[in-house]
Amino acid sequence: MSALAWIALVSLACWLWLLLGQGFFWRTDQRLPARSAPRDWPYVAVVVPARDEAQVLPRSLPTLLAQDYPGEAEIFLVDDGSSDGTGELARALAAREECALPLTVVRPGEPEPGWTGKLWALRQGIALARAREPEYLLLTDADIAHEPDSLRELVAAARSNRLDLVSQMARLRVASGWERLVVPAFVYFFAQLYPFRWINTPGARTAAAAGGCVLLRTEAAERARVPESVRQAVIDDVSVARAVSRSGGRIWLGLAERVDSVRPYPRLADLWRMVARSAYAQLRHSPVLLIGTVVGLALIYLAPPVAFFAGMARNDAVAGWAGGLAWLVMAGTYVPMLRYYRQPLLLAPLLPFTALLYLLMTVDSAVQHYRGRGAAWKGRTYARPEATPDQ
């Protein structure tokens, strides 16, 4: 057999293993677990870190202010050094909306050494909220819009299932052509790295969360020393979930049905920055892991269509059918995510091209890191955690 045929067969074997052995990552049926209304609704503090969010706040903050929650709840929006009037806009929205929940806006100043901006903002908001002794903290990003029953359903799921952390991966905006091509794949790749079924199995070693919507029991946060224990993390959601899990907490992660991100990524450049800012951090800034990732993406996602077309052109039957079958399995595993995002299934065969984009974004993330511009977001650049002064 030709070298191309061997590569195609290895790729096919990888896809058969991914199909059956990676926690059925491709399925999209992990939604909020069965729940019933608690007898007494606990007090919840909603903490919203916000930096230069004036563009999205009018579409997201009113949905929090209007939460239909039977118990007591309060919103703490932390204006993290915004230059676009985020804090003033939040106060104005609260003044003119019919608010079910009260809003407090604070501006803590620049992060101390050793803290990333979002976690510094969360620290300030959580510290302020703890004075009210909440049973739960809802940590939600400023671009996340919640249906009126979102908080109620999260609390009911946590109480009914004795969960310390309940996280929903918000449905990201899919409107432009580039968003349709890249966004569903973003969630698909995340689920492949962190299969939701594995995360949701009690005692599982895999831990992750989606930072846009995290309901966290205050007692579990204190036991895990969140956010202090993860203060340097760039990928804060996964770090928080790991901290809670390692401290004995039960966590759950699934896809959202009534929680949406309103942040637009209309251009490829916008999506590129969103992925590249943390891709190399995900690889722990390791050149070895970077090389392995590039080789793995090429073998699993790029080799099948190359083998299929090259095999057909060269009359290499083994390369052709093995590459075609691997490509078919790949596309088939992508279909449920496209359905979840209500996108045309014709996008499924284009997943290799999207994977190529992600490969290039990951390489660019490493290049920017070594140029001193790694993990840059909204005017801040973060060093490697081990290079950051400790407190």
# chains A, B, ... in the order shown; residues from 1 in each chain; ligands from 1
>>> select_by_dssp(residues="range 1-53 of chain A", states="alpha helix (DSSP H)", output="VMD selection string")
chain A and resid 3 to 21
>>> closest_residue(among="A:Pro70, A:Gly296, A:Gly323, A:Pro287", to="Asp40 in chain A", atoms="only C-alpha atoms")
A:Pro70
>>> closest_residue(among="A:Asp236, A:Asp316, A:Glu153, A:Asp164", to="Pro38 in chain A", atoms="only C-alpha atoms")
A:Glu153
>>> residues_around(residues="range 134-149 of chain A", least_positions_apart="3", cutoff="8 Å", atoms="only C-alpha atoms", output="compact mmCIF listing (two decimals) with all heavy atoms, in the first residue's frame")
# COMPACT_ATOMS: atom_id res chain seq x y z
N PRO A 42 -33.23 29.91 47.23
CA PRO A 42 -32.10 30.55 47.92
C PRO A 42 -31.77 31.92 47.34
O PRO A 42 -32.13 32.25 46.20
CB PRO A 42 -30.95 29.58 47.66
CG PRO A 42 -31.29 28.94 46.35
CD PRO A 42 -32.80 28.81 46.36
N TYR A 43 -31.07 32.71 48.13
CA TYR A 43 -30.59 34.01 47.67
C TYR A 43 -29.43 33.79 46.70
O TYR A 43 -28.51 33.01 46.97
CB TYR A 43 -30.14 34.86 48.85
CG TYR A 43 -29.44 36.14 48.44
CD1 TYR A 43 -30.12 37.14 47.76
CD2 TYR A 43 -28.09 36.33 48.70
CE1 TYR A 43 -29.49 38.31 47.38
CE2 TYR A 43 -27.44 37.50 48.32
CZ TYR A 43 -28.15 38.48 47.65
OH TYR A 43 -27.51 39.63 47.26
N VAL A 44 -29.47 34.48 45.56
CA VAL A 44 -28.45 34.34 44.52
C VAL A 44 -27.85 35.70 44.21
O VAL A 44 -28.59 36.69 44.02
CB VAL A 44 -29.03 33.73 43.23
CG1 VAL A 44 -27.94 33.56 42.17
CG2 VAL A 44 -29.70 32.39 43.52
N ALA A 45 -26.54 35.75 44.14
CA ALA A 45 -25.84 36.96 43.71
C ALA A 45 -25.35 36.74 42.29
O ALA A 45 -24.64 35.77 42.00
CB ALA A 45 -24.66 37.26 44.64
N VAL A 46 -25.73 37.62 41.39
CA VAL A 46 -25.33 37.54 39.98
C VAL A 46 -24.14 38.48 39.78
O VAL A 46 -24.26 39.69 40.00
CB VAL A 46 -26.49 37.94 39.05
CG1 VAL A 46 -26.06 37.81 37.59
CG2 VAL A 46 -27.72 37.10 39.34
N VAL A 47 -23.00 37.95 39.38
CA VAL A 47 -21.78 38.74 39.21
C VAL A 47 -21.46 38.82 37.72
O VAL A 47 -21.29 37.79 37.06
CB VAL A 47 -20.60 38.13 40.00
CG1 VAL A 47 -19.35 38.99 39.82
CG2 VAL A 47 -20.96 38.00 41.48
N VAL A 48 -21.36 40.05 37.22
CA VAL A 48 -21.13 40.28 35.79
C VAL A 48 -19.85 41.10 35.62
O VAL A 48 -19.84 42.31 35.86
CB VAL A 48 -22.31 41.04 35.15
CG1 VAL A 48 -22.10 41.17 33.64
CG2 VAL A 48 -23.63 40.38 35.45
N PRO A 49 -18.73 40.48 35.20
CA PRO A 49 -17.54 41.26 34.87
C PRO A 49 -17.73 41.92 33.51
O PRO A 49 -18.20 41.27 32.56
CB PRO A 49 -16.43 40.21 34.84
CG PRO A 49 -17.13 38.94 34.47
CD PRO A 49 -18.52 39.03 35.03
N ALA A 50 -17.38 43.19 33.40
CA ALA A 50 -17.65 43.92 32.15
C ALA A 50 -16.51 44.89 31.86
O ALA A 50 -16.18 45.73 32.69
CB ALA A 50 -18.97 44.66 32.23
N GLU A 53 -18.08 47.07 27.31
CA GLU A 53 -19.20 46.26 26.82
C GLU A 53 -20.41 47.11 26.44
O GLU A 53 -21.55 46.60 26.40
CB GLU A 53 -19.60 45.23 27.88
CG GLU A 53 -18.52 44.22 28.22
CD GLU A 53 -18.29 43.20 27.12
OE1 GLU A 53 -18.83 43.39 26.01
OE2 GLU A 53 -17.57 42.23 27.37
N VAL A 56 -22.83 45.69 23.64
CA VAL A 56 -23.73 44.54 23.83
C VAL A 56 -24.63 44.69 25.06
O VAL A 56 -25.65 44.00 25.15
CB VAL A 56 -22.91 43.23 23.95
CG1 VAL A 56 -22.13 42.97 22.67
CG2 VAL A 56 -21.98 43.26 25.16
N LEU A 57 -24.28 45.57 25.98
CA LEU A 57 -25.02 45.65 27.25
C LEU A 57 -26.51 45.94 27.08
O LEU A 57 -27.33 45.36 27.81
CB LEU A 57 -24.37 46.71 28.14
CG LEU A 57 -24.33 46.41 29.66
CD1 LEU A 57 -23.65 45.07 29.92
CD2 LEU A 57 -23.61 47.53 30.39
N ARG A 59 -28.53 44.80 25.04
CA ARG A 59 -29.24 43.58 24.66
C ARG A 59 -29.10 42.46 25.70
O ARG A 59 -29.83 41.47 25.64
CB ARG A 59 -28.73 43.08 23.30
CG ARG A 59 -29.19 43.93 22.13
CD ARG A 59 -28.52 43.47 20.85
NE ARG A 59 -27.12 43.84 20.81
CZ ARG A 59 -26.21 43.34 19.97
NH1 ARG A 59 -26.58 42.40 19.12
NH2 ARG A 59 -24.97 43.75 20.00
N SER A 60 -28.18 42.60 26.64
CA SER A 60 -27.95 41.52 27.61
C SER A 60 -28.39 41.90 29.02
O SER A 60 -29.11 41.12 29.67
CB SER A 60 -26.46 41.14 27.62
OG SER A 60 -25.64 42.26 27.97
N LEU A 61 -27.99 43.07 29.51
CA LEU A 61 -28.29 43.42 30.90
C LEU A 61 -29.79 43.45 31.20
O LEU A 61 -30.21 42.96 32.26
CB LEU A 61 -27.63 44.75 31.26
CG LEU A 61 -27.79 45.18 32.73
CD1 LEU A 61 -27.22 44.13 33.68
CD2 LEU A 61 -27.11 46.54 32.96
N THR A 63 -32.04 41.57 30.23
CA THR A 63 -32.54 40.20 30.43
C THR A 63 -32.23 39.69 31.83
O THR A 63 -32.95 38.83 32.35
CB THR A 63 -31.95 39.24 29.38
OG1 THR A 63 -30.55 39.05 29.62
CG2 THR A 63 -32.16 39.76 27.97
N LEU A 64 -31.15 40.18 32.42
CA LEU A 64 -30.85 39.84 33.81
C LEU A 64 -31.73 40.63 34.77
O LEU A 64 -32.23 40.09 35.76
CB LEU A 64 -29.37 40.10 34.12
CG LEU A 64 -28.36 39.10 33.58
CD1 LEU A 64 -26.93 39.59 33.83
CD2 LEU A 64 -28.55 37.72 34.21
N ALA A 66 -34.61 41.56 34.37
CA ALA A 66 -36.00 41.11 34.28
C ALA A 66 -36.18 39.65 34.66
O ALA A 66 -37.22 39.06 34.34
CB ALA A 66 -36.52 41.35 32.86
N GLN A 67 -35.22 39.05 35.34
CA GLN A 67 -35.34 37.64 35.69
C GLN A 67 -36.57 37.36 36.56
O GLN A 67 -36.81 38.05 37.56
CB GLN A 67 -34.08 37.16 36.41
CG GLN A 67 -32.91 36.87 35.50
CD GLN A 67 -33.21 35.76 34.51
OE1 GLN A 67 -33.44 34.61 34.88
NE2 GLN A 67 -33.21 36.11 33.22
N ASP A 68 -37.31 36.35 36.18
CA ASP A 68 -38.48 35.92 36.93
C ASP A 68 -38.04 34.86 37.94
O ASP A 68 -38.17 33.65 37.71
CB ASP A 68 -39.54 35.37 35.97
CG ASP A 68 -40.78 34.87 36.70
OD1 ASP A 68 -40.97 35.26 37.87
OD2 ASP A 68 -41.54 34.10 36.09
N TYR A 69 -37.50 35.32 39.06
CA TYR A 69 -36.94 34.41 40.06
C TYR A 69 -37.76 34.51 41.34
O TYR A 69 -37.93 35.60 41.89
CB TYR A 69 -35.47 34.78 40.33
CG TYR A 69 -34.81 33.85 41.32
CD1 TYR A 69 -34.62 32.51 41.02
CD2 TYR A 69 -34.38 34.32 42.56
CE1 TYR A 69 -34.01 31.65 41.93
CE2 TYR A 69 -33.77 33.48 43.47
CZ TYR A 69 -33.60 32.14 43.14
OH TYR A 69 -33.00 31.29 44.06
N LEU A 122 -14.13 39.40 38.85
CA LEU A 122 -14.96 38.43 39.57
C LEU A 122 -14.65 38.45 41.06
O LEU A 122 -15.55 38.35 41.90
CB LEU A 122 -14.74 37.02 39.01
CG LEU A 122 -15.40 36.71 37.66
CD1 LEU A 122 -15.00 35.31 37.20
CD2 LEU A 122 -16.92 36.82 37.76
N ILE A 126 -17.53 39.04 43.70
CA ILE A 126 -17.83 37.98 44.66
C ILE A 126 -17.63 38.48 46.09
O ILE A 126 -18.44 38.17 46.99
CB ILE A 126 -16.96 36.74 44.38
CG1 ILE A 126 -17.39 36.09 43.05
CG2 ILE A 126 -17.05 35.74 45.52
CD1 ILE A 126 -16.48 34.97 42.60
N ALA A 129 -20.57 40.54 46.96
CA ALA A 129 -21.77 39.72 47.08
C ALA A 129 -21.78 38.90 48.37
O ALA A 129 -22.83 38.70 48.98
CB ALA A 129 -21.88 38.79 45.88
N ARG A 130 -20.61 38.44 48.79
CA ARG A 130 -20.56 37.58 49.98
C ARG A 130 -21.04 38.28 51.24
O ARG A 130 -21.45 37.62 52.20
CB ARG A 130 -19.13 37.07 50.18
CG ARG A 130 -18.79 35.86 49.30
CD ARG A 130 -17.36 35.43 49.44
NE ARG A 130 -17.08 34.23 48.64
CZ ARG A 130 -15.87 33.83 48.32
NH1 ARG A 130 -14.79 34.51 48.73
NH2 ARG A 130 -15.70 32.74 47.60
N ARG A 152 -34.02 30.77 37.45
CA ARG A 152 -34.88 29.82 38.16
C ARG A 152 -34.54 28.38 37.77
O ARG A 152 -34.44 27.49 38.63
CB ARG A 152 -36.34 30.13 37.85
CG ARG A 152 -37.32 29.27 38.63
CD ARG A 152 -38.75 29.73 38.46
NE ARG A 152 -39.25 29.47 37.12
CZ ARG A 152 -39.68 30.42 36.28
NH1 ARG A 152 -39.63 31.69 36.62
NH2 ARG A 152 -40.14 30.09 35.09
N GLU A 153 -34.35 28.14 36.48
CA GLU A 153 -34.05 26.79 36.01
C GLU A 153 -32.67 26.33 36.46
O GLU A 153 -32.48 25.15 36.81
CB GLU A 153 -34.16 26.74 34.49
CG GLU A 153 -35.56 26.96 33.94
CD GLU A 153 -36.51 25.86 34.38
OE1 GLU A 153 -36.26 24.69 34.04
OE2 GLU A 153 -37.48 26.16 35.09
N ALA A 170 -23.52 28.90 26.37
CA ALA A 170 -24.49 29.76 25.69
C ALA A 170 -24.44 29.52 24.18
O ALA A 170 -23.38 29.27 23.61
CB ALA A 170 -24.20 31.23 26.00
N GLY A 211 -17.66 29.71 30.63
CA GLY A 211 -17.60 30.90 31.47
C GLY A 211 -18.73 31.88 31.32
O GLY A 211 -18.95 32.72 32.19
N GLY A 212 -19.48 31.80 30.23
CA GLY A 212 -20.56 32.74 30.04
C GLY A 212 -21.73 32.54 30.98
O GLY A 212 -22.50 33.47 31.23
N CYS A 213 -21.87 31.34 31.53
CA CYS A 213 -23.02 31.04 32.40
C CYS A 213 -22.61 29.94 33.38
O CYS A 213 -22.62 28.76 33.03
CB CYS A 213 -24.22 30.61 31.57
SG CYS A 213 -25.67 30.17 32.54
N VAL A 214 -22.27 30.33 34.60
CA VAL A 214 -21.82 29.39 35.63
C VAL A 214 -22.57 29.70 36.93
O VAL A 214 -22.42 30.78 37.50
CB VAL A 214 -20.30 29.49 35.89
CG1 VAL A 214 -19.90 28.56 37.03
CG2 VAL A 214 -19.52 29.15 34.63
N LEU A 215 -23.38 28.76 37.38
CA LEU A 215 -24.01 28.87 38.69
C LEU A 215 -23.16 28.07 39.66
O LEU A 215 -22.97 26.86 39.50
CB LEU A 215 -25.44 28.32 38.68
CG LEU A 215 -26.17 28.47 40.01
CD1 LEU A 215 -26.59 29.94 40.23
CD2 LEU A 215 -27.41 27.57 40.07
N LEU A 216 -22.64 28.73 40.69
CA LEU A 216 -21.66 28.14 41.59
C LEU A 216 -22.14 28.28 43.02
O LEU A 216 -22.47 29.38 43.47
CB LEU A 216 -20.31 28.85 41.40
CG LEU A 216 -19.15 28.44 42.28
CD1 LEU A 216 -18.79 26.97 42.09
CD2 LEU A 216 -17.92 29.31 41.97
N ARG A 217 -22.17 27.17 43.74
CA ARG A 217 -22.53 27.23 45.15
C ARG A 217 -21.44 27.98 45.90
O ARG A 217 -20.24 27.68 45.75
CB ARG A 217 -22.70 25.82 45.71
CG ARG A 217 -23.29 25.78 47.12
CD ARG A 217 -23.25 24.36 47.67
NE ARG A 217 -24.04 23.44 46.86
CZ ARG A 217 -25.33 23.22 47.05
NH1 ARG A 217 -25.98 23.86 48.00
NH2 ARG A 217 -25.97 22.35 46.28
N THR A 218 -21.81 28.95 46.71
CA THR A 218 -20.83 29.77 47.42
C THR A 218 -19.93 28.93 48.30
O THR A 218 -18.72 29.17 48.37
CB THR A 218 -21.56 30.84 48.26
OG1 THR A 218 -22.44 31.59 47.42
CG2 THR A 218 -20.56 31.80 48.89
N GLU A 219 -20.49 27.95 48.96
CA GLU A 219 -19.69 27.08 49.83
C GLU A 219 -18.62 26.34 49.02
O GLU A 219 -17.47 26.19 49.46
CB GLU A 219 -20.60 26.07 50.52
CG GLU A 219 -19.87 25.12 51.46
CD GLU A 219 -20.78 24.09 52.08
OE1 GLU A 219 -22.02 24.22 51.93
OE2 GLU A 219 -20.28 23.15 52.72
N ARG A 258 -31.82 28.36 26.52
CA ARG A 258 -32.44 29.67 26.73
C ARG A 258 -31.41 30.69 27.22
O ARG A 258 -31.75 31.64 27.93
CB ARG A 258 -33.59 29.53 27.72
CG ARG A 258 -34.67 28.57 27.23
CD ARG A 258 -35.69 28.23 28.29
NE ARG A 258 -36.55 29.37 28.62
CZ ARG A 258 -37.54 29.79 27.86
NH1 ARG A 258 -37.79 29.20 26.69
NH2 ARG A 258 -38.28 30.80 28.23
N VAL A 259 -30.16 30.46 26.87
CA VAL A 259 -29.08 31.38 27.20
C VAL A 259 -28.28 31.61 25.93
O VAL A 259 -27.78 30.66 25.32
CB VAL A 259 -28.17 30.80 28.31
CG1 VAL A 259 -27.02 31.76 28.61
CG2 VAL A 259 -28.96 30.51 29.57
N ASP A 260 -28.15 32.88 25.50
CA ASP A 260 -27.54 33.19 24.21
C ASP A 260 -26.49 34.29 24.34
O ASP A 260 -26.66 35.23 25.13
CB ASP A 260 -28.60 33.64 23.21
CG ASP A 260 -29.66 32.59 22.97
OD1 ASP A 260 -29.40 31.67 22.19
OD2 ASP A 260 -30.74 32.69 23.60
N SER A 261 -25.45 34.18 23.55
CA SER A 261 -24.47 35.26 23.45
C SER A 261 -24.92 36.23 22.36
O SER A 261 -25.30 35.80 21.26
CB SER A 261 -23.09 34.72 23.10
OG SER A 261 -22.19 35.79 22.82
N VAL A 262 -24.87 37.52 22.67
CA VAL A 262 -25.27 38.53 21.68
C VAL A 262 -24.06 39.22 21.07
O VAL A 262 -24.21 40.17 20.30
CB VAL A 262 -26.20 39.58 22.32
CG1 VAL A 262 -27.48 38.93 22.81
CG2 VAL A 262 -25.51 40.32 23.47
N ARG A 263 -22.86 38.75 21.39
CA ARG A 263 -21.66 39.38 20.84
C ARG A 263 -21.50 39.01 19.37
O ARG A 263 -21.47 37.83 19.02
CB ARG A 263 -20.42 38.96 21.61
CG ARG A 263 -19.17 39.78 21.22
CD ARG A 263 -17.93 39.31 21.96
NE ARG A 263 -18.11 39.35 23.39
CZ ARG A 263 -18.04 40.45 24.12
NH1 ARG A 263 -17.84 41.61 23.55
NH2 ARG A 263 -18.20 40.38 25.44
>>> residues_around(residues="range 173-181 of chain A", least_positions_apart="6", cutoff="8 Å", atoms="only C-alpha atoms", output="number ranges by chain")
A: 260-268, 271, 341, 343, 347, 354
>>> write_last_selection(atoms="all heavy atoms", output="compact mmCIF listing (two decimals), in the first residue's frame")
# COMPACT_ATOMS: atom_id res chain seq x y z
N ASP A 260 -28.15 32.88 25.50
CA ASP A 260 -27.54 33.19 24.21
C ASP A 260 -26.49 34.29 24.34
O ASP A 260 -26.66 35.23 25.13
CB ASP A 260 -28.60 33.64 23.21
CG ASP A 260 -29.66 32.59 22.97
OD1 ASP A 260 -29.40 31.67 22.19
OD2 ASP A 260 -30.74 32.69 23.60
N SER A 261 -25.45 34.18 23.55
CA SER A 261 -24.47 35.26 23.45
C SER A 261 -24.92 36.23 22.36
O SER A 261 -25.30 35.80 21.26
CB SER A 261 -23.09 34.72 23.10
OG SER A 261 -22.19 35.79 22.82
N VAL A 262 -24.87 37.52 22.67
CA VAL A 262 -25.27 38.53 21.68
C VAL A 262 -24.06 39.22 21.07
O VAL A 262 -24.21 40.17 20.30
CB VAL A 262 -26.20 39.58 22.32
CG1 VAL A 262 -27.48 38.93 22.81
CG2 VAL A 262 -25.51 40.32 23.47
N ARG A 263 -22.86 38.75 21.39
CA ARG A 263 -21.66 39.38 20.84
C ARG A 263 -21.50 39.01 19.37
O ARG A 263 -21.47 37.83 19.02
CB ARG A 263 -20.42 38.96 21.61
CG ARG A 263 -19.17 39.78 21.22
CD ARG A 263 -17.93 39.31 21.96
NE ARG A 263 -18.11 39.35 23.39
CZ ARG A 263 -18.04 40.45 24.12
NH1 ARG A 263 -17.84 41.61 23.55
NH2 ARG A 263 -18.20 40.38 25.44
N PRO A 264 -21.36 40.00 18.49
CA PRO A 264 -21.19 39.68 17.07
C PRO A 264 -19.73 39.42 16.71
O PRO A 264 -18.82 40.05 17.27
CB PRO A 264 -21.70 40.96 16.38
CG PRO A 264 -21.38 42.06 17.36
CD PRO A 264 -21.52 41.45 18.73
N TYR A 265 -19.53 38.49 15.81
CA TYR A 265 -18.21 38.24 15.21
C TYR A 265 -18.39 38.23 13.70
O TYR A 265 -18.28 37.17 13.05
CB TYR A 265 -17.64 36.91 15.69
CG TYR A 265 -17.31 36.86 17.16
CD1 TYR A 265 -18.18 36.27 18.07
CD2 TYR A 265 -16.11 37.38 17.65
CE1 TYR A 265 -17.87 36.22 19.43
CE2 TYR A 265 -15.79 37.33 19.00
CZ TYR A 265 -16.68 36.74 19.88
OH TYR A 265 -16.37 36.69 21.22
N PRO A 266 -18.70 39.36 13.10
CA PRO A 266 -19.10 39.37 11.69
C PRO A 266 -17.98 39.05 10.71
O PRO A 266 -18.23 38.54 9.63
CB PRO A 266 -19.62 40.79 11.48
CG PRO A 266 -18.91 41.61 12.53
CD PRO A 266 -18.75 40.69 13.70
N ARG A 267 -16.73 39.35 11.10
CA ARG A 267 -15.61 39.16 10.17
C ARG A 267 -14.74 38.00 10.62
O ARG A 267 -14.72 37.64 11.80
CB ARG A 267 -14.76 40.42 10.09
CG ARG A 267 -15.51 41.68 9.67
CD ARG A 267 -14.60 42.90 9.80
NE ARG A 267 -14.10 43.01 11.17
CZ ARG A 267 -13.05 43.75 11.52
NH1 ARG A 267 -12.38 44.42 10.61
NH2 ARG A 267 -12.67 43.80 12.80
N LEU A 268 -14.00 37.43 9.70
CA LEU A 268 -13.06 36.37 10.05
C LEU A 268 -12.03 36.89 11.05
O LEU A 268 -11.63 36.16 11.98
CB LEU A 268 -12.36 35.83 8.80
CG LEU A 268 -11.30 34.75 9.04
CD1 LEU A 268 -11.90 33.53 9.73
CD2 LEU A 268 -10.63 34.35 7.72
N LEU A 271 -13.35 36.58 14.61
CA LEU A 271 -13.32 35.20 15.08
C LEU A 271 -11.89 34.73 15.31
O LEU A 271 -11.61 33.99 16.25
CB LEU A 271 -14.01 34.30 14.07
CG LEU A 271 -15.53 34.50 13.95
CD1 LEU A 271 -16.04 33.99 12.61
CD2 LEU A 271 -16.24 33.79 15.10
N TYR A 341 -27.43 24.47 16.02
CA TYR A 341 -27.30 25.88 15.62
C TYR A 341 -28.22 26.25 14.46
O TYR A 341 -28.14 27.37 13.94
CB TYR A 341 -25.84 26.19 15.27
CG TYR A 341 -25.05 26.63 16.47
CD1 TYR A 341 -24.26 25.73 17.18
CD2 TYR A 341 -25.11 27.94 16.92
CE1 TYR A 341 -23.55 26.13 18.30
CE2 TYR A 341 -24.41 28.35 18.03
CZ TYR A 341 -23.64 27.44 18.72
OH TYR A 341 -22.94 27.84 19.83
N GLN A 343 -28.29 25.35 11.34
CA GLN A 343 -27.52 25.69 10.15
C GLN A 343 -27.68 24.60 9.08
O GLN A 343 -27.99 23.44 9.40
CB GLN A 343 -26.04 25.86 10.50
CG GLN A 343 -25.77 27.02 11.44
CD GLN A 343 -26.27 28.34 10.88
OE1 GLN A 343 -25.90 28.74 9.78
NE2 GLN A 343 -27.15 29.00 11.63
N LEU A 347 -23.00 22.35 5.36
CA LEU A 347 -21.74 22.83 5.95
C LEU A 347 -20.90 21.69 6.53
O LEU A 347 -19.71 21.87 6.77
CB LEU A 347 -22.04 23.85 7.06
CG LEU A 347 -22.59 25.21 6.63
CD1 LEU A 347 -23.00 26.02 7.84
CD2 LEU A 347 -21.56 25.96 5.80
N THR A 354 -12.70 24.34 7.92
CA THR A 354 -12.80 25.04 9.19
C THR A 354 -11.68 24.61 10.12
O THR A 354 -11.08 25.43 10.84
CB THR A 354 -14.16 24.79 9.84
OG1 THR A 354 -15.20 25.14 8.92
CG2 THR A 354 -14.32 25.60 11.11
>>> closest_residue(among="A:Ala317, A:Arg159, A:Glu74, A:Leu165", to="Ser247 in chain A", atoms="only C-alpha atoms")
A:Leu165
>>> residues_around(residues="Ala34 in chain A", least_positions_apart="6", cutoff="12 Å", atoms="only C-alpha atoms", output="ChimeraX atom specification")
/A:153-162
